[in-house]
Amino acid sequence: MTTPSISLLAGGGFRVRQDDLEGVGATLPDALAALSAAITARYDMEKGDETAAAEDARRQADILANDRFIRGGQLQHSVLTAMAIGLI
C-alpha cells in the first residue's frame, strides 16, 4: 500500500487516492470517508472470493469422501497395492 495522495479539484472539493482506489468529496473528511468506503467494498469483495473458494474446497472434499465410485476406486487401488507387495 502506498501513502494516500490528496488533490484539490478544479470545481471544488477533494480527491484522495491510494493505489487504484479513490474517494471524492466536498470536504476532506468526506473524501476520506468515500475512500474508506471504497476500501471496505474491495475488502468485502475479496473476502467473498475467499469464502467462495473455501466453499468449493469443502464441496470437493465432501465429494471425495462420499462418492461411491471414488471410494470404490480407492478400495481397488488399496487391494491391488496390497497384492503387489505380497500382503494378500
# chains A, B, ... in the order shown; residues from 1 in each chain; ligands from 1

$ residues_around --residues "Ala31 (chain A)" --least-positions-apart "6" --cutoff "10 Å" --atoms "only C-alpha atoms" --output "VMD selection string"
chain A and resid 6 13 to 17 22 to 25 37

$ select_by_dssp --residues "chain A" --states "alpha helix (DSSP H)" --output "ChimeraX atom specification"
/A:28-66,68-84

$ atom_distance --atom1 "CA of Asp56 (chain A)" --atom2 "CA of Arg68 (chain A)"
19.6 Å

$ residues_around --residues "Ala38 (chain A)" --least-positions-apart "3" --cutoff "9 Å" --atoms "only C-alpha atoms" --output "PyMOL selection string"
chain A and resi 21-23+33-35+41-43
